[in-house]
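K.L.:
data.csv is reproduced in full below (CSV, C-alpha atoms).
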```csv
chain,number,residue,atom,x,y,z
E,110,MET,CA,0.0,0.0,0.0
E,111,GLN,CA,1.4,3.4,-1.0
E,112,THR,CA,1.2,6.2,1.5
E,113,SER,CA,0.9,9.9,0.7
E,114,PRO,CA,4.1,11.9,1.2
E,115,ASP,CA,4.3,14.4,4.1
E,116,THR,CA,4.7,17.2,1.5
E,117,PRO,CA,4.5,17.3,-2.3
E,118,ALA,CA,7.7,19.4,-2.4
E,119,LEU,CA,10.6,19.6,0.0
E,120,VAL,CA,13.3,22.3,-0.4
E,121,ILE,CA,16.4,22.0,1.7
E,122,GLY,CA,18.4,25.2,2.0
E,123,GLY,CA,17.1,28.8,2.5
E,124,GLY,CA,19.4,30.8,0.3
E,125,PRO,CA,18.5,32.4,-3.0
E,126,ALA,CA,18.6,29.1,-5.0
E,127,GLY,CA,16.3,27.3,-2.5
E,128,LEU,CA,13.9,30.3,-2.1
E,129,MET,CA,13.6,30.6,-5.9
E,130,ALA,CA,12.9,26.8,-6.2
E,131,ALA,CA,10.2,27.2,-3.5
E,132,ASP,CA,8.8,30.2,-5.3
E,133,VAL,CA,8.4,28.4,-8.5
E,134,LEU,CA,6.8,25.3,-6.9
E,135,LEU,CA,4.4,27.4,-4.9
E,136,SER,CA,3.5,29.4,-8.0
E,137,ALA,CA,2.7,26.2,-9.7
E,138,GLY,CA,0.2,25.4,-7.0
E,139,HIS,CA,2.2,22.8,-5.0
E,140,ARG,CA,2.6,22.8,-1.2
E,141,VAL,CA,6.2,23.3,-0.2
E,142,LEU,CA,8.1,22.6,3.0
E,143,LEU,CA,11.4,24.5,3.3
E,144,ALA,CA,14.0,23.4,5.8
E,145,GLU,CA,17.0,25.5,6.8
E,146,ALA,CA,19.8,24.4,9.2
E,147,LYS,CA,20.5,28.0,10.4
E,148,PRO,CA,18.3,30.1,12.7
E,149,SER,CA,17.2,32.3,9.8
E,150,LEU,CA,17.0,32.3,6.0
E,151,GLY,CA,19.3,34.0,3.5
E,152,ARG,CA,22.2,34.6,5.8
E,153,LYS,CA,24.9,34.7,3.1
E,154,PHE,CA,22.6,36.7,0.9
E,155,LEU,CA,22.3,39.3,3.7
E,156,MET,CA,26.0,39.3,4.2
E,157,ALA,CA,26.6,39.9,0.5
E,158,GLY,CA,24.1,42.8,0.7
E,159,LYS,CA,26.2,44.7,3.2
E,160,SER,CA,28.5,45.7,0.4
E,161,GLY,CA,25.6,46.8,-1.9
E,162,LEU,CA,24.0,43.6,-3.2
E,163,ASN,CA,25.2,43.3,-6.7
E,164,LEU,CA,22.2,41.5,-8.3
E,165,THR,CA,23.4,40.9,-11.8
E,166,ARG,CA,25.4,42.4,-14.7
E,167,ALA,CA,23.8,44.4,-17.5
E,168,GLN,CA,25.8,43.3,-20.6
E,169,PRO,CA,25.3,41.4,-23.8
E,170,PHE,CA,24.4,37.8,-23.1
E,171,GLY,CA,27.5,36.4,-24.9
E,172,PRO,CA,30.0,38.1,-22.7
E,173,PHE,CA,27.8,37.5,-19.7
E,174,LEU,CA,27.7,33.8,-20.3
E,175,ALA,CA,31.5,33.7,-21.0
E,176,ALA,CA,32.1,34.7,-17.4
E,177,TYR,CA,31.2,31.2,-16.3
E,178,GLY,CA,34.2,29.7,-18.0
E,179,GLY,CA,34.1,25.9,-18.1
E,180,ALA,CA,30.5,25.8,-17.0
E,181,GLU,CA,29.3,28.1,-19.8
E,182,ALA,CA,27.7,25.3,-21.9
E,183,ALA,CA,26.0,23.5,-18.9
E,184,LEU,CA,24.6,26.8,-17.5
E,185,ARG,CA,23.4,28.2,-20.8
E,186,PRO,CA,19.8,26.8,-20.7
E,187,MET,CA,19.3,28.0,-17.1
E,188,LEU,CA,20.8,31.5,-17.7
E,189,SER,CA,18.8,31.8,-21.0
E,190,ALA,CA,15.6,31.1,-19.0
E,191,PHE,CA,16.5,33.6,-16.3
E,192,THR,CA,18.6,36.4,-17.9
E,193,PRO,CA,20.0,39.5,-16.2
E,194,GLU,CA,17.0,41.4,-17.5
E,195,ALA,CA,14.7,38.8,-15.8
E,196,VAL,CA,16.7,39.2,-12.6
E,197,GLN,CA,16.0,43.0,-12.6
E,198,GLY,CA,12.3,42.3,-13.4
E,199,TRP,CA,12.1,39.9,-10.5
E,200,ALA,CA,13.6,42.4,-8.0
E,201,GLU,CA,11.4,45.1,-9.2
E,202,GLY,CA,8.4,42.8,-8.9
E,203,LEU,CA,9.3,42.6,-5.2
E,204,GLY,CA,9.2,46.4,-4.9
E,205,GLN,CA,12.9,47.0,-5.3
E,206,THR,CA,13.8,49.5,-7.9
E,207,THR,CA,17.2,48.8,-9.5
E,208,PHE,CA,19.9,50.9,-11.1
E,209,THR,CA,22.9,50.1,-13.3
E,210,GLY,CA,26.3,51.4,-12.3
E,211,SER,CA,29.0,52.6,-14.7
E,212,THR,CA,30.6,49.1,-14.9
E,213,GLY,CA,27.2,47.4,-15.7
E,214,ARG,CA,26.7,46.1,-12.2
E,215,VAL,CA,23.0,46.1,-11.2
E,216,PHE,CA,22.0,47.1,-7.7
E,217,PRO,CA,18.7,47.8,-5.8
E,218,GLU,CA,18.4,51.5,-5.1
E,219,VAL,CA,18.4,50.9,-1.4
E,220,MET,CA,21.8,49.1,-1.8
E,221,LYS,CA,20.8,46.5,0.8
E,222,ALA,CA,19.6,42.9,0.7
E,223,SER,CA,17.2,43.0,3.7
E,224,PRO,CA,14.3,44.8,2.1
E,225,LEU,CA,14.4,42.4,-0.9
E,226,LEU,CA,14.6,39.4,1.4
E,227,ARG,CA,11.7,40.6,3.6
E,228,ALA,CA,9.5,41.2,0.6
E,229,TRP,CA,10.4,37.9,-0.9
E,230,LEU,CA,9.6,35.9,2.3
E,231,ALA,CA,6.4,37.8,2.7
E,232,ARG,CA,5.3,36.7,-0.8
E,233,LEU,CA,6.3,33.1,-0.1
E,234,ASP,CA,4.5,33.1,3.2
E,235,GLY,CA,1.5,34.5,1.5
E,236,MET,CA,1.5,31.6,-1.0
E,237,GLY,CA,1.6,29.1,1.9
E,238,LEU,CA,5.2,28.3,2.3
E,239,GLU,CA,5.8,26.1,5.4
E,240,ARG,CA,9.3,26.9,6.6
E,241,HIS,CA,11.4,25.5,9.4
E,242,THR,CA,14.8,26.8,10.7
E,243,ARG,CA,17.3,24.8,12.8
E,244,TRP,CA,16.5,21.8,10.8
E,245,ARG,CA,19.7,20.1,9.7
E,246,TRP,CA,19.5,17.6,7.0
E,247,THR,CA,21.5,14.4,7.8
E,248,GLY,CA,20.7,12.2,4.9
E,249,TRP,CA,18.0,9.7,3.8
E,250,ASP,CA,16.4,6.8,5.6
E,251,GLY,CA,15.0,4.9,2.7
E,252,GLY,CA,12.7,7.3,0.9
E,253,ALA,CA,12.5,9.8,3.7
E,254,CYS,CA,14.8,12.8,4.4
E,255,ARG,CA,16.2,12.8,7.9
E,256,PHE,CA,16.5,16.0,10.0
E,257,ASP,CA,18.0,16.9,13.3
E,258,THR,CA,15.6,19.5,14.7
E,259,PRO,CA,15.1,21.3,18.1
E,260,GLU,CA,12.3,18.9,18.7
E,261,GLY,CA,14.4,15.8,17.9
E,262,LEU,CA,14.7,13.6,14.9
E,263,ARG,CA,12.3,14.1,12.1
E,264,HIS,CA,11.6,12.2,8.9
E,265,ILE,CA,10.0,13.9,5.9
E,266,THR,CA,8.9,12.2,2.8
E,267,ALA,CA,8.2,14.3,-0.3
E,268,GLY,CA,7.1,13.8,-3.9
E,269,VAL,CA,10.1,15.9,-5.0
E,270,THR,CA,13.1,17.3,-3.2
E,271,VAL,CA,15.3,20.3,-4.2
E,272,LEU,CA,18.7,20.5,-2.5
E,273,ALA,CA,20.1,24.0,-2.4
E,274,LEU,CA,22.8,23.6,0.3
E,275,GLY,CA,25.4,26.0,-0.8
E,276,GLY,CA,29.1,25.5,-1.4
E,277,ALA,CA,31.9,25.1,1.2
E,278,SER,CA,32.9,28.6,2.2
E,279,TRP,CA,31.6,30.8,4.9
E,280,ALA,CA,30.6,27.9,7.2
E,281,LYS,CA,29.3,30.2,9.9
E,282,LEU,CA,26.6,31.4,7.5
E,283,GLY,CA,25.6,27.8,6.6
E,284,SER,CA,27.7,26.9,3.5
E,285,ASP,CA,29.8,24.3,5.2
E,286,GLY,CA,29.8,21.5,2.5
E,287,ALA,CA,28.8,18.9,5.1
E,288,TRP,CA,26.3,17.5,2.6
E,289,ALA,CA,29.1,16.2,0.4
E,290,GLY,CA,29.5,13.1,2.6
E,291,ILE,CA,25.8,12.3,2.3
E,292,LEU,CA,25.8,12.4,-1.5
E,293,ALA,CA,29.1,10.5,-1.7
E,294,ARG,CA,27.4,7.7,0.2
E,295,GLU,CA,24.7,7.7,-2.4
E,296,GLY,CA,27.4,7.0,-5.1
E,297,VAL,CA,27.7,10.6,-6.4
E,298,ALA,CA,31.3,11.3,-7.5
E,299,LEU,CA,31.9,14.8,-6.3
E,300,ALA,CA,34.4,17.3,-7.6
E,301,PRO,CA,36.7,18.4,-4.7
E,302,PHE,CA,35.9,21.8,-3.2
E,303,ARG,CA,38.4,24.6,-4.0
E,304,PRO,CA,38.4,28.3,-3.1
E,305,ALA,CA,37.0,30.8,-5.6
E,306,ASN,CA,36.8,34.6,-5.4
E,307,ALA,CA,39.4,34.6,-2.7
E,308,GLY,CA,42.2,36.8,-1.7
E,309,LEU,CA,45.8,36.1,-2.7
E,310,CYS,CA,48.6,35.4,-0.2
E,311,VAL,CA,51.6,37.7,-0.8
E,312,ALA,CA,54.5,37.9,1.6
E,313,TRP,CA,55.3,41.6,1.7
E,314,SER,CA,58.5,43.2,2.9
E,315,GLU,CA,58.4,45.9,5.6
E,316,HIS,CA,58.5,48.5,2.8
E,317,MET,CA,54.8,47.7,2.1
E,318,ARG,CA,53.5,48.1,5.6
E,319,PRO,CA,52.5,51.8,5.3
E,320,HIS,CA,50.3,50.8,2.3
E,321,PHE,CA,48.2,48.1,4.0
E,322,GLY,CA,44.6,49.0,3.4
E,323,ALA,CA,45.4,51.1,0.4
E,324,PRO,CA,43.4,50.5,-2.9
E,325,LEU,CA,45.1,49.7,-6.2
E,326,LYS,CA,43.0,51.5,-8.7
E,327,ASN,CA,43.2,51.8,-12.5
E,328,VAL,CA,45.3,48.6,-12.9
E,329,ALA,CA,44.9,45.4,-14.8
E,330,PHE,CA,45.7,41.9,-13.7
E,331,ARG,CA,46.8,38.8,-15.6
E,332,ALA,CA,47.3,35.1,-14.6
E,333,GLY,CA,47.6,32.4,-17.2
E,334,THR,CA,45.1,33.0,-19.9
E,335,LEU,CA,42.9,35.1,-17.7
E,336,ALA,CA,42.8,38.9,-17.5
E,337,SER,CA,40.8,41.4,-15.5
E,338,ARG,CA,40.6,45.1,-14.9
E,339,GLY,CA,39.4,46.4,-11.6
E,340,GLU,CA,40.4,47.3,-8.1
E,341,ALA,CA,42.2,45.4,-5.4
E,342,VAL,CA,43.3,46.3,-1.9
E,343,ILE,CA,46.7,45.8,-0.4
E,344,SER,CA,46.3,44.0,2.9
E,345,ALA,CA,48.7,42.6,5.5
E,346,ARG,CA,48.2,39.2,4.1
E,347,GLY,CA,48.3,40.0,0.4
E,348,LEU,CA,45.9,41.3,-2.2
E,349,GLU,CA,42.1,41.0,-2.4
E,350,GLY,CA,39.3,42.6,-4.3
E,351,GLY,CA,36.9,42.3,-7.3
E,352,GLY,CA,39.6,43.1,-9.9
E,353,LEU,CA,41.5,40.0,-8.8
E,354,TYR,CA,38.7,37.5,-8.2
E,355,PRO,CA,38.2,36.6,-11.9
E,356,LEU,CA,41.7,35.2,-11.9
E,357,SER,CA,41.0,32.7,-9.1
E,358,PRO,CA,40.9,29.6,-11.4
E,359,ALA,CA,44.4,30.3,-12.8
E,360,LEU,CA,45.9,31.5,-9.5
E,361,ARG,CA,44.5,28.4,-7.7
E,362,GLU,CA,46.5,26.3,-10.2
E,363,GLY,CA,49.7,28.2,-9.4
E,364,ALA,CA,49.8,30.6,-12.4
E,365,ALA,CA,52.0,33.7,-12.0
E,366,LEU,CA,50.4,37.1,-11.3
E,367,GLU,CA,51.3,40.1,-13.5
E,368,ILE,CA,49.9,43.6,-12.9
E,369,ASP,CA,49.7,46.3,-15.5
E,370,LEU,CA,50.1,49.5,-13.6
E,371,ALA,CA,49.3,51.7,-16.6
E,372,PRO,CA,46.6,49.9,-18.6
E,373,ASP,CA,45.5,53.0,-20.4
E,374,LEU,CA,48.9,53.6,-22.0
E,375,THR,CA,50.5,51.6,-24.8
E,376,PRO,CA,54.2,50.6,-24.3
E,377,GLU,CA,55.1,53.2,-26.8
E,378,GLU,CA,53.2,56.0,-25.0
E,379,LEU,CA,54.6,54.8,-21.7
E,380,THR,CA,58.2,54.9,-23.1
E,381,ALA,CA,57.6,58.4,-24.4
E,382,ARG,CA,56.5,59.7,-21.0
E,383,LEU,CA,59.3,58.0,-19.2
E,384,SER,CA,61.8,59.6,-21.6
E,385,ARG,CA,60.9,63.1,-20.5
E,386,PRO,CA,63.7,64.9,-18.6
E,387,ARG,CA,63.6,64.1,-14.9
E,388,GLY,CA,65.9,66.9,-13.8
E,389,LYS,CA,66.5,66.8,-10.0
E,390,GLN,CA,63.2,65.0,-9.3
E,391,SER,CA,63.4,61.7,-7.5
E,392,LEU,CA,62.3,58.7,-9.5
E,393,SER,CA,59.2,58.3,-7.4
E,394,ASN,CA,58.1,61.9,-8.0
E,395,HIS,CA,58.9,61.5,-11.7
E,396,LEU,CA,56.7,58.4,-11.9
E,397,ARG,CA,53.9,60.2,-10.0
E,398,LYS,CA,54.0,63.2,-12.4
E,399,VAL,CA,54.5,61.7,-15.8
E,400,LEU,CA,52.4,58.5,-15.2
E,401,LYS,CA,50.1,59.6,-12.3
E,402,LEU,CA,50.9,56.4,-10.4
E,403,SER,CA,49.3,56.3,-7.0
E,404,PRO,CA,51.5,55.9,-3.9
E,405,ALA,CA,50.3,52.3,-3.6
E,406,ALA,CA,51.2,51.5,-7.3
E,407,ARG,CA,54.6,53.2,-6.9
E,408,ALA,CA,55.2,51.2,-3.7
E,409,LEU,CA,54.3,48.0,-5.5
E,410,LEU,CA,56.7,48.9,-8.3
E,411,MET,CA,59.5,49.5,-5.9
E,412,GLU,CA,58.7,46.2,-4.1
E,413,TYR,CA,59.1,44.0,-7.1
E,414,ALA,CA,60.9,45.9,-9.9
E,415,ARG,CA,64.0,47.2,-8.2
E,416,PRO,CA,66.6,47.9,-9.4
E,417,LEU,CA,64.6,49.8,-12.0
E,418,PRO,CA,66.3,49.8,-15.4
E,419,ASP,CA,67.5,53.1,-16.7
E,420,ALA,CA,66.3,52.6,-20.2
E,421,PRO,CA,62.7,54.0,-20.6
E,422,GLU,CA,61.7,51.0,-22.8
E,423,ALA,CA,62.8,48.5,-20.2
E,424,MET,CA,61.1,50.4,-17.4
E,425,ALA,CA,57.9,50.5,-19.5
E,426,ARG,CA,58.0,46.7,-19.9
E,427,ARG,CA,58.3,46.4,-16.1
E,428,ILE,CA,55.4,48.7,-15.4
E,429,LYS,CA,53.1,47.0,-18.0
E,430,ALA,CA,53.9,43.5,-16.6
E,431,LEU,CA,55.0,43.7,-13.0
E,432,ALA,CA,55.5,40.1,-11.7
E,433,VAL,CA,54.1,39.7,-8.1
E,434,PRO,CA,55.2,36.4,-6.4
E,435,HIS,CA,52.4,34.8,-4.4
E,436,ASP,CA,51.6,31.8,-2.2
E,437,GLY,CA,48.3,31.0,-3.7
E,438,LEU,CA,44.7,31.8,-2.6
E,439,ARG,CA,43.5,32.3,0.9
E,440,PRO,CA,41.9,29.3,2.7
E,441,MET,CA,38.6,28.1,1.5
E,442,ASP,CA,36.5,29.3,4.4
E,443,GLU,CA,37.7,32.8,3.7
E,444,ALA,CA,36.6,32.6,0.1
E,445,ILE,CA,33.5,34.3,-1.2
E,446,SER,CA,32.5,31.1,-3.1
E,447,THR,CA,33.8,27.7,-4.0
E,448,ALA,CA,34.4,25.6,-7.1
E,449,GLY,CA,33.7,21.9,-6.8
E,450,GLY,CA,30.6,20.0,-5.6
E,451,VAL,CA,28.1,18.1,-7.6
E,452,PRO,CA,29.4,17.7,-11.2
E,453,PHE,CA,26.9,18.3,-14.1
E,454,ALA,CA,27.7,14.7,-15.2
E,455,ALA,CA,25.9,13.5,-12.0
E,456,LEU,CA,22.7,15.5,-13.0
E,457,ASP,CA,20.4,15.2,-15.9
E,458,GLU,CA,19.2,18.1,-18.1
E,459,ALA,CA,16.6,19.0,-15.4
E,460,LEU,CA,19.3,19.2,-12.7
E,461,MET,CA,18.0,16.0,-11.2
E,462,LEU,CA,20.4,13.6,-9.5
E,463,ARG,CA,20.9,10.5,-11.6
E,464,ALA,CA,21.6,8.5,-8.5
E,465,ARG,CA,18.4,9.8,-6.7
E,466,PRO,CA,15.4,10.3,-9.1
E,467,GLY,CA,13.1,13.0,-7.8
E,468,THR,CA,15.9,14.9,-6.1
E,469,TYR,CA,17.2,18.1,-7.8
E,470,CYS,CA,20.2,20.3,-7.1
E,471,ALA,CA,20.6,24.1,-7.4
E,472,GLY,CA,22.9,26.9,-6.6
E,473,GLU,CA,26.5,26.8,-5.4
E,474,MET,CA,26.5,23.1,-4.5
E,475,ILE,CA,26.8,22.4,-8.2
E,476,ASP,CA,30.3,22.4,-9.6
E,477,TRP,CA,30.5,25.8,-11.3
E,478,GLU,CA,32.2,29.1,-10.5
E,479,ALA,CA,32.0,32.6,-11.6
E,480,PRO,CA,33.5,35.9,-10.6
E,481,THR,CA,31.7,38.4,-8.3
E,482,GLY,CA,29.9,41.2,-10.0
E,483,GLY,CA,26.4,39.7,-10.2
E,484,TYR,CA,27.3,36.5,-11.9
E,485,LEU,CA,27.2,34.3,-8.7
E,486,LEU,CA,23.7,35.5,-7.6
E,487,THR,CA,22.2,35.3,-11.1
E,488,ALA,CA,23.3,31.7,-11.6
E,489,CYS,CA,22.0,30.7,-8.1
E,490,LEU,CA,18.6,32.2,-8.9
E,491,ALA,CA,18.6,30.7,-12.4
E,492,THR,CA,19.5,27.1,-11.3
E,493,GLY,CA,16.9,27.4,-8.5
E,494,LEU,CA,14.3,28.4,-11.0
E,495,TRP,CA,15.3,25.6,-13.3
E,496,ALA,CA,15.2,22.9,-10.7
E,497,GLY,CA,11.9,24.2,-9.3
E,498,ARG,CA,10.3,24.2,-12.7
E,499,HIS,CA,11.3,20.6,-13.4
E,500,ALA,CA,10.4,19.4,-10.0
E,501,ALA,CA,6.9,21.0,-10.5
E,502,GLN,CA,6.6,19.3,-13.8
E,503,ARG,CA,7.5,15.9,-12.2
E,504,LEU,CA,4.7,16.3,-9.7
E,505,GLU,CA,2.3,17.2,-12.4
E,506,THR,CA,3.0,14.2,-14.5
E,507,ARG,CA,2.9,11.6,-11.7
```
For the structure just supplied, provide its representation as structure tokens.
P.N.:
Amino acid sequence: MQTSPDTPALVIGGGPAGLMAADVLLSAGHRVLLAEAKPSLGRKFLMAGKSGLNLTRAQPFGPFLAAYGGAEAALRPMLSAFTPEAVQGWAEGLGQTTFTGSTGRVFPEVMKASPLLRAWLARLDGMGLERHTRWRWTGWDGGACRFDTPEGLRHITAGVTVLALGGASWAKLGSDGAWAGILAREGVALAPFRPANAGLCVAWSEHMRPHFGAPLKNVAFRAGTLASRGEAVISARGLEGGGLYPLSPALREGAALEIDLAPDLTPEELTARLSRPRGKQSLSNHLRKVLKLSPAARALLMEYARPLPDAPEAMARRIKALAVPHDGLRPMDEAISTAGGVPFAALDEALMLRARPGTYCAGEMIDWEAPTGGYLLTACLATGLWAGRHAAQRLETR
């Protein structure tokens, strides 16, 4: 005799991917139970919002998709179904007017995540979402999901389940990767977790101490085949910042870092400026005046290019490709996100686990990575929507 499940749809994980999956399932008319291990929902989402909540990136779809690197082909269907324009429409549908900055980054006008999350949860609650916090998923017992809860052990059976458990960074916010052992026991061959969008470890000399906390602006970074233009901050432990994060895949593999301290000038233009008479000026003042290099950029040049060559052409080459030795990325729990997790090969085209029919995966627990700047959040929302839609379709065809 077949018994009815406790809930048609179970969503495990209360971040953006899980909330989007729940939204889609509820909108399709299905009852949804959402379980979150932490005391509240969207904790990493709220933390990201403290720096402005970069929702997405307004740019042509081709370059946008290319930011996902090796996962570009696998993510194309999801990102085509929930484009950057759709992200803006979704946010505005929750009462959050957006604006696009000069670099194409899209933000809510309030520059915070909390109003958006409150409006979203209010809508979900209005549709009948049953949500539980402090419910930690510990695996399956047969067909039931097992949870440790404040009231003790609970078993929940569901028609479909969406796992949106996050990656393995920022454990204190809930993304601890503990789910990996559960899926491994189910026969899912996981890709190892690795830091992404992480700071770079650099062993500075005492010469750099006065510049700790200073920004590096108007520079370009290169590592392996990857290049990025943006800002970074010189910290006591190395370099960190959005301009550096897109290079994480190459830096993680040990590629050398080069910094172009004058990306707006060609080598010829740079040589011409450096050839101007210096008179009695110090070299530092000369560089400041003819190149407008900031104190932080000049300090970096002195740190790794001394002795500076006398020939303007040779000095220009150093400035355009300053080699900065490093000791790799910061530890994984300090990273903004992670690579690794459930490989796309373990999922079908609906993001359903091949080893566990009826169970879908969404968000950062899938093995993809992207730089900051709106790409991370957009793909989390897009995969949550995709998994939720296909889970709803499965319920409707049973």
K.L.:
Between atom CA of Gly339 of chain E and atom CA of Lys326 of chain E, what is the spacing in Å?
P.N.:
6.9 Å
K.L.:
Of the candidates E:Arg498, E:Arg214, E:Arg503, E:Arg240, which shows the shortest atom-to-atom distance to Ala190 of chain E, using all atoms listed in the file?
P.N.:
E:Arg498
K.L.:
Near Leu188 of chain E, counting only C-alpha atoms, which residues have an atom at most 9 Å away, once you skip same-chain residues fewer than 5 positions from it, shown as a list in words?
P.N.:
Leu174, Pro193, Thr487, Ala488, Ala491 and Thr492 of chain E
K.L.:
I'd like the contact shell of segment 117-124 of chain E - 6 Å cut-off, all atoms listed in the file, skipping same-chain residues fewer than 6 positions apart - returned as a VMD selection string.
P.N.:
chain E and resid 140 to 145 150 to 151 267 to 274
K.L.:
Got a sec to check which residues sit within 9 Å of (55.5, 44.8, -16.7), counting only C-alpha atoms, and write them as a ChimeraX atom specification?
P.N.:
/E:367-370,414,423-432
K.L.:
Smallest atom-to-atom distance to Ala307 of chain E: which of E:Thr242, E:Ser391, E:Thr375, E:Ser446, using all atoms listed in the file?
P.N.:
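Of E:Thr242, E:Ser391, E:Thr375, E:Ser446, the one nearest Ala307 of chain E, counting all atoms listed in the file, is E:Ser446.
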K.L.:
Rounded to one decimal, what separation in Å do you get between atom CA of Leu230 of chain E and atom CA of Gly127 of chain E?
P.N.:
11.9 Å
K.L.:
May I ask which of the residues E:Ala500, E:Ala332, E:Ala312, E:Cys254 is the closest one to Met461 of chain E, counting only C-alpha atoms?
P.N.:
E:Ala500
K.L.:
Need to verify the contact set: Gly450 of chain E, 12 Å, all atoms listed in the file, exclusion of same-chain residues closer than 4 positions in sequence. Can you return it as a ChimeraX atom specification?
P.N.:
/E:273-278,284-290,292-293,297-304,446,454-456,470-478
K.L.:
Produce a file of the selected residues containing C-alpha atoms, as a PDB file, in the coordinates of the input.
P.N.:
```
ATOM      1  CA  ALA E 273      20.100  24.000  -2.400  1.00  0.00           C
ATOM      2  CA  LEU E 274      22.800  23.600   0.300  1.00  0.00           C
ATOM      3  CA  GLY E 275      25.400  26.000  -0.800  1.00  0.00           C
ATOM      4  CA  GLY E 276      29.100  25.500  -1.400  1.00  0.00           C
ATOM      5  CA  ALA E 277      31.900  25.100   1.200  1.00  0.00           C
ATOM      6  CA  SER E 278      32.900  28.600   2.200  1.00  0.00           C
ATOM      7  CA  SER E 284      27.700  26.900   3.500  1.00  0.00           C
ATOM      8  CA  ASP E 285      29.800  24.300   5.200  1.00  0.00           C
ATOM      9  CA  GLY E 286      29.800  21.500   2.500  1.00  0.00           C
ATOM     10  CA  ALA E 287      28.800  18.900   5.100  1.00  0.00           C
ATOM     11  CA  TRP E 288      26.300  17.500   2.600  1.00  0.00           C
ATOM     12  CA  ALA E 289      29.100  16.200   0.400  1.00  0.00           C
ATOM     13  CA  GLY E 290      29.500  13.100   2.600  1.00  0.00           C
ATOM     14  CA  LEU E 292      25.800  12.400  -1.500  1.00  0.00           C
ATOM     15  CA  ALA E 293      29.100  10.500  -1.700  1.00  0.00           C
ATOM     16  CA  VAL E 297      27.700  10.600  -6.400  1.00  0.00           C
ATOM     17  CA  ALA E 298      31.300  11.300  -7.500  1.00  0.00           C
ATOM     18  CA  LEU E 299      31.900  14.800  -6.300  1.00  0.00           C
ATOM     19  CA  ALA E 300      34.400  17.300  -7.600  1.00  0.00           C
ATOM     20  CA  PRO E 301      36.700  18.400  -4.700  1.00  0.00           C
ATOM     21  CA  PHE E 302      35.900  21.800  -3.200  1.00  0.00           C
ATOM     22  CA  ARG E 303      38.400  24.600  -4.000  1.00  0.00           C
ATOM     23  CA  PRO E 304      38.400  28.300  -3.100  1.00  0.00           C
ATOM     24  CA  SER E 446      32.500  31.100  -3.100  1.00  0.00           C
ATOM     25  CA  ALA E 454      27.700  14.700 -15.200  1.00  0.00           C
ATOM     26  CA  ALA E 455      25.900  13.500 -12.000  1.00  0.00           C
ATOM     27  CA  LEU E 456      22.700  15.500 -13.000  1.00  0.00           C
ATOM     28  CA  CYS E 470      20.200  20.300  -7.100  1.00  0.00           C
ATOM     29  CA  ALA E 471      20.600  24.100  -7.400  1.00  0.00           C
ATOM     30  CA  GLY E 472      22.900  26.900  -6.600  1.00  0.00           C
ATOM     31  CA  GLU E 473      26.500  26.800  -5.400  1.00  0.00           C
ATOM     32  CA  MET E 474      26.500  23.100  -4.500  1.00  0.00           C
ATOM     33  CA  ILE E 475      26.800  22.400  -8.200  1.00  0.00           C
ATOM     34  CA  ASP E 476      30.300  22.400  -9.600  1.00  0.00           C
ATOM     35  CA  TRP E 477      30.500  25.800 -11.300  1.00  0.00           C
ATOM     36  CA  GLU E 478      32.200  29.100 -10.500  1.00  0.00           C
TER      37      GLU E 478
END
```
K.L.:
Can you list, as a list of chain:residue names, every protein, DNA or RNA residue that comes within 8 Å of Leu203 of chain E when you count only C-alpha atoms, leaving out same-chain residues fewer than 4 positions away?
P.N.:
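Counting only the stated atoms, we get E:Trp199, E:Leu225, E:Ala228, E:Trp229.
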K.L.:
What is the distance, in Å and to one decimal place, between atom CA of Phe154 of chain E and atom CA of Ala222 of chain E?
P.N.:
6.9 Å
K.L.:
So which residues fall inside 12 Å of (55.5, 56.0, -5.8) if we count only C-alpha atoms? Mind giving them as a ChimeraX atom specification?
P.N.:
/E:316-317,320,370,391-412
K.L.:
Which one is closest to Ala305 of chain E: E:Asp257, E:Glu201, E:Glu443, E:Glu422? Count all atoms listed in the file.
P.N.:
E:Glu443
K.L.:
Could you check which of E:Ala496, E:Leu226, E:Ala146, E:Val328 is closest to Thr247 of chain E, using only C-alpha atoms?
P.N.:
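Closest to Thr247 of chain E, using only C-alpha atoms: E:Ala146.
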